[in-house]
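A.B. asks: Okay, here's the structure, questions in a sec.
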Amino acid sequence: MNTKNRKGFTLVELVVVIAIIGVLAAILIPTMMNYVKKARLKAANANAKLIFTTAKSQAAICIGDGEDSETFFTKWEVSELKTKVTGNDYSAKVCHAVADALKDDGEDSGAIALRMDDDGAVGFAQWAPRNDSTAGQIVGQYPNPPKTPSEAQSISFGTQYVPE
């Protein structure tokens, strides 16, 4: 009997290891996809809150300076906020402040929807990332942010979401 010291793995051992890796991948991939959706939702809600607080702060500054506030609703891509919303009036100042607050995300990062009331109060603010490759677009909102990715995907961008 010829007994040599063999180095390496047998085919059966390799197949078993590959099967175990396949089972682990089948378990982990759906879980990881859910984490990605939750992370996108948190980022969208955080950006919506940033838009809300920035608009509210700028409105307070304008009103403090004696400017007349006005009711307006705007829905723009971030890259268009400074070029399309022009002038020196109240709504332009609010939109420019929001664009400045979002500049770290990049100009092509997404779109905002913002409703301001004539007393300077912010009705709601929404954020939707641009080129969102998920099945439904994740929309963040403040106040009353969506809690789950499915709620965020059911929001019609530009209309206020009210949780049930």
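Each chain of the structure tokens is named A, B, ... in the order shown, its residues numbered from 1; ligands are numbered from 1 in display order.
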Write down as a ChimeraX atom specification the residues belonging to chain A that are assigned alpha helix (DSSP H) by DSSP computed on the backbone.
C.D. replies: /A:11-64,81-84,90-101,149-154
A.B. asks: What does the file look like for those residues with C-alpha atoms, as a compact mmCIF listing (two decimals), in the first residue's frame?
C.D. replies:
```
# COMPACT_ATOMS: atom_id res chain seq x y z
CA LEU A 11 -13.62 17.32 -3.74
CA VAL A 12 -16.25 16.39 -1.16
CA GLU A 13 -14.78 18.77 1.41
CA LEU A 14 -14.79 21.62 -1.10
CA VAL A 15 -18.41 20.94 -2.13
CA VAL A 16 -19.52 20.94 1.53
CA VAL A 17 -17.80 24.29 2.18
CA ILE A 18 -19.36 25.82 -0.95
CA ALA A 19 -22.80 24.54 0.08
CA ILE A 20 -22.43 26.08 3.54
CA ILE A 21 -21.38 29.42 2.04
CA GLY A 22 -24.40 29.29 -0.30
CA VAL A 23 -26.82 28.68 2.57
CA LEU A 24 -25.35 31.55 4.59
CA ALA A 25 -25.57 33.88 1.58
CA ALA A 26 -29.21 32.90 1.02
CA ILE A 27 -29.98 33.85 4.61
CA LEU A 28 -27.96 37.08 4.75
CA ILE A 29 -28.75 38.79 1.44
CA PRO A 30 -32.47 39.50 2.14
CA THR A 31 -31.56 40.75 5.61
CA MET A 32 -28.91 43.06 4.22
CA MET A 33 -31.29 44.46 1.59
CA ASN A 34 -33.69 45.44 4.37
CA TYR A 35 -30.86 47.29 6.14
CA VAL A 36 -30.11 49.21 2.94
CA LYS A 37 -33.74 50.34 2.64
CA LYS A 38 -33.84 51.38 6.28
CA ALA A 39 -30.62 53.36 5.86
CA ARG A 40 -32.03 55.16 2.80
CA LEU A 41 -35.19 55.97 4.75
CA LYS A 42 -33.21 57.40 7.67
CA ALA A 43 -31.13 59.53 5.31
CA ALA A 44 -34.25 60.80 3.50
CA ASN A 45 -35.98 61.65 6.79
CA ALA A 46 -32.83 63.40 8.05
CA ASN A 47 -32.62 65.50 4.87
CA ALA A 48 -36.33 66.35 5.15
CA LYS A 49 -35.78 67.51 8.73
CA LEU A 50 -32.79 69.60 7.59
CA ILE A 51 -34.97 71.24 4.92
CA PHE A 52 -37.71 71.86 7.51
CA THR A 53 -35.44 73.48 10.09
CA THR A 54 -33.53 75.52 7.51
CA ALA A 55 -36.74 76.86 5.98
CA LYS A 56 -38.14 77.65 9.42
CA SER A 57 -34.95 79.47 10.44
CA GLN A 58 -34.79 81.49 7.23
CA ALA A 59 -38.48 82.37 7.55
CA ALA A 60 -37.86 83.65 11.07
CA ILE A 61 -34.95 85.76 9.81
CA CYS A 62 -37.06 87.24 7.01
CA ILE A 63 -39.98 88.00 9.32
CA GLY A 64 -37.58 89.48 11.88
CA LEU A 81 -33.29 75.76 -6.42
CA LYS A 82 -30.85 78.62 -6.98
CA THR A 83 -31.30 79.01 -10.72
CA LYS A 84 -35.08 78.65 -11.10
CA TYR A 90 -39.30 85.71 0.78
CA SER A 91 -39.74 82.39 -1.11
CA ALA A 92 -36.48 82.82 -3.03
CA LYS A 93 -34.55 83.50 0.18
CA VAL A 94 -36.01 80.39 1.82
CA CYS A 95 -35.23 78.21 -1.23
CA HIS A 96 -31.68 79.55 -1.49
CA ALA A 97 -31.09 78.83 2.21
CA VAL A 98 -32.33 75.25 1.69
CA ALA A 99 -30.04 74.84 -1.34
CA ASP A 100 -27.09 76.06 0.74
CA ALA A 101 -27.96 73.60 3.52
CA PRO A 149 -39.55 51.72 3.92
CA SER A 150 -42.94 50.50 2.67
CA GLU A 151 -44.61 53.63 4.10
CA ALA A 152 -41.94 55.80 2.47
CA GLN A 153 -42.46 54.11 -0.88
CA SER A 154 -46.22 54.70 -0.72
```
A.B. asks: Could you name the residues that touch A:Ile112 at 7 Å or less, counting only C-alpha atoms, but leaving out those on the same chain fewer than 2 positions away, as number ranges by chain?
C.D. replies: A: 75-78, 110, 114, 126-128
A.B. asks: Write the residues you've just listed into a file as a tab-separated table (two decimals), in the first residue's frame, and include C-alpha atoms for each of them.
C.D. replies:
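Written out: again.tsv:
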```tsv
chain	number	residue	atom	x	y	z
A	75	LYS	CA	-41.14	71.23	-5.65
A	76	TRP	CA	-37.70	71.34	-7.29
A	77	GLU	CA	-34.54	69.40	-7.88
A	78	VAL	CA	-31.81	70.65	-5.55
A	110	GLY	CA	-32.35	64.72	-5.02
A	114	LEU	CA	-41.66	72.39	0.74
A	126	GLN	CA	-40.03	66.25	1.84
A	127	TRP	CA	-36.86	64.84	0.37
A	128	ALA	CA	-36.54	62.23	-2.37
```
A.B. asks: Between A:Asp108, A:Glu164, A:Glu80, A:Glu67, which has the minimum distance to A:Pro129 (counting only C-alpha atoms)?
C.D. replies: A:Asp108
A.B. asks: Just give me the gap between atom CA of A:Asn88 and atom CA of A:Gly66 in Å, one decimal is fine.
C.D. replies: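 About the pair atom CA of A:Asn88 and atom CA of A:Gly66: they are 13.7 Å apart.
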A.B. asks: Identify, on the basis of only C-alpha atoms, every residue whose closest approach to A:Phe73 does not exceed 10 Å; exclude the query and any residue fewer than 2 positions from it along the same chain; express the result as a ChimeraX atom specification.
C.D. replies: /A:70-71,75,91,113-117,123-125,158
A.B. asks: Can you list every residue in chain A that DSSP puts in strand (DSSP E or B), as a PyMOL selection string?
C.D. replies: chain A and resi 72-77+110-116+122-129+140-142
A.B. asks: Once you have the residues from the selection above, write them out as an mmCIF file, in the first residue's frame, restricted to N, CA and C atoms.
C.D. replies:
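Final output, saved to part_31.cif:
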```
data_model
loop_
_atom_site.group_PDB
_atom_site.id
_atom_site.type_symbol
_atom_site.label_atom_id
_atom_site.label_comp_id
_atom_site.auth_asym_id
_atom_site.auth_seq_id
_atom_site.Cartn_x
_atom_site.Cartn_y
_atom_site.Cartn_z
ATOM 1 N N PHE A 72 -46.454 79.551 0.142
ATOM 2 C CA PHE A 72 -45.972 79.021 -1.131
ATOM 3 C C PHE A 72 -45.693 77.528 -1.005
ATOM 4 N N PHE A 73 -45.731 76.890 -2.134
ATOM 5 C CA PHE A 73 -45.377 75.484 -2.233
ATOM 6 C C PHE A 73 -44.377 75.370 -3.364
ATOM 7 N N THR A 74 -43.295 74.676 -3.105
ATOM 8 C CA THR A 74 -42.291 74.505 -4.146
ATOM 9 C C THR A 74 -41.873 73.048 -4.224
ATOM 10 N N LYS A 75 -41.578 72.606 -5.407
ATOM 11 C CA LYS A 75 -41.135 71.233 -5.648
ATOM 12 C C LYS A 75 -40.075 71.306 -6.736
ATOM 13 N N TRP A 76 -38.806 71.170 -6.357
ATOM 14 C CA TRP A 76 -37.699 71.340 -7.290
ATOM 15 C C TRP A 76 -36.618 70.305 -7.031
ATOM 16 N N GLU A 77 -35.810 70.095 -8.061
ATOM 17 C CA GLU A 77 -34.540 69.395 -7.881
ATOM 18 C C GLU A 77 -33.618 70.346 -7.128
ATOM 19 N N GLY A 110 -30.943 65.063 -5.173
ATOM 20 C CA GLY A 110 -32.349 64.724 -5.017
ATOM 21 C C GLY A 110 -33.256 65.908 -5.252
ATOM 22 N N ALA A 111 -34.497 65.749 -4.777
ATOM 23 C CA ALA A 111 -35.512 66.770 -4.967
ATOM 24 C C ALA A 111 -36.156 67.092 -3.624
ATOM 25 N N ILE A 112 -36.639 68.339 -3.517
ATOM 26 C CA ILE A 112 -37.331 68.742 -2.306
ATOM 27 C C ILE A 112 -38.754 69.152 -2.643
ATOM 28 N N ALA A 113 -39.631 69.001 -1.668
ATOM 29 C CA ALA A 113 -40.972 69.574 -1.713
ATOM 30 C C ALA A 113 -41.137 70.308 -0.392
ATOM 31 N N LEU A 114 -41.583 71.556 -0.451
ATOM 32 C CA LEU A 114 -41.656 72.392 0.737
ATOM 33 C C LEU A 114 -42.917 73.226 0.689
ATOM 34 N N ARG A 115 -43.661 73.205 1.786
ATOM 35 C CA ARG A 115 -44.867 74.037 1.895
ATOM 36 C C ARG A 115 -44.684 74.991 3.056
ATOM 37 N N MET A 116 -44.800 76.284 2.755
ATOM 38 C CA MET A 116 -44.709 77.337 3.774
ATOM 39 C C MET A 116 -46.057 78.036 3.871
ATOM 40 N N VAL A 122 -43.704 76.276 8.647
ATOM 41 C CA VAL A 122 -43.458 75.280 7.614
ATOM 42 C C VAL A 122 -44.539 74.207 7.724
ATOM 43 N N GLY A 123 -45.283 73.999 6.650
ATOM 44 C CA GLY A 123 -46.321 72.971 6.660
ATOM 45 C C GLY A 123 -45.705 71.583 6.678
ATOM 46 N N PHE A 124 -44.867 71.319 5.693
ATOM 47 C CA PHE A 124 -44.127 70.061 5.645
ATOM 48 C C PHE A 124 -42.962 70.207 4.694
ATOM 49 N N ALA A 125 -41.988 69.325 4.861
ATOM 50 C CA ALA A 125 -40.831 69.279 3.976
ATOM 51 C C ALA A 125 -40.605 67.827 3.584
ATOM 52 N N GLN A 126 -40.312 67.601 2.327
ATOM 53 C CA GLN A 126 -40.035 66.248 1.836
ATOM 54 C C GLN A 126 -38.718 66.235 1.077
ATOM 55 N N TRP A 127 -38.110 65.062 1.071
ATOM 56 C CA TRP A 127 -36.860 64.838 0.367
ATOM 57 C C TRP A 127 -36.973 63.506 -0.360
ATOM 58 N N ALA A 128 -36.589 63.482 -1.608
ATOM 59 C CA ALA A 128 -36.536 62.235 -2.374
ATOM 60 C C ALA A 128 -35.189 62.167 -3.073
ATOM 61 N N PRO A 129 -34.447 61.089 -2.840
ATOM 62 C CA PRO A 129 -33.145 60.979 -3.500
ATOM 63 C C PRO A 129 -33.305 60.823 -5.009
ATOM 64 N N GLY A 140 -38.638 60.859 2.183
ATOM 65 C CA GLY A 140 -38.586 61.240 3.589
ATOM 66 C C GLY A 140 -39.403 62.488 3.808
ATOM 67 N N GLN A 141 -39.978 62.611 4.984
ATOM 68 C CA GLN A 141 -40.823 63.766 5.280
ATOM 69 C C GLN A 141 -40.609 64.195 6.726
ATOM 70 N N TYR A 142 -40.797 65.495 6.967
ATOM 71 C CA TYR A 142 -40.803 66.019 8.318
ATOM 72 C C TYR A 142 -41.790 67.163 8.352
#
```
A.B. asks: What is the distance between atom CA of A:Ser79 and atom CA of A:Ile138, in Å to one decimal?
C.D. replies: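 A separation of 19.1 Å between them.
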A.B. asks: Quick one, how far is atom CA of A:Arg130 from atom CA of A:Asp104?
C.D. replies: 14.7 Å
A.B. asks: Near A:Ile155, within 9 Å and counting only C-alpha atoms, which residues show up once chain neighbours fewer than 5 positions away are dropped, as a list in words?
C.D. replies: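 My reading of the contact set: Gln137, Ile138, Val139, Gly140, Pro146, Gln160 and Tyr161 of chain A.
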A.B. asks: Suppose we keep N, CA and C atoms; can you now write the selection as a CSV table (one decimal), in the first residue's frame?
C.D. replies:
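Done, and the output landed in again.csv:
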```csv
chain,number,residue,atom,x,y,z
A,137,GLN,N,-39.7,54.6,-4.9
A,137,GLN,CA,-38.8,55.7,-4.5
A,137,GLN,C,-39.1,55.9,-3.0
A,138,ILE,N,-38.0,56.0,-2.2
A,138,ILE,CA,-38.0,56.4,-0.8
A,138,ILE,C,-38.2,57.9,-0.7
A,139,VAL,N,-39.3,58.3,0.0
A,139,VAL,CA,-39.5,59.7,0.3
A,139,VAL,C,-39.5,59.9,1.8
A,140,GLY,N,-38.6,60.9,2.2
A,140,GLY,CA,-38.6,61.2,3.6
A,140,GLY,C,-39.4,62.5,3.8
A,146,PRO,N,-42.2,58.9,7.7
A,146,PRO,CA,-42.6,57.5,7.6
A,146,PRO,C,-41.7,56.7,8.4
A,160,GLN,N,-48.6,65.8,1.2
A,160,GLN,CA,-48.2,65.5,2.6
A,160,GLN,C,-48.7,64.2,3.0
A,161,TYR,N,-47.8,63.4,3.6
A,161,TYR,CA,-48.1,62.1,4.1
A,161,TYR,C,-48.6,62.2,5.6
```
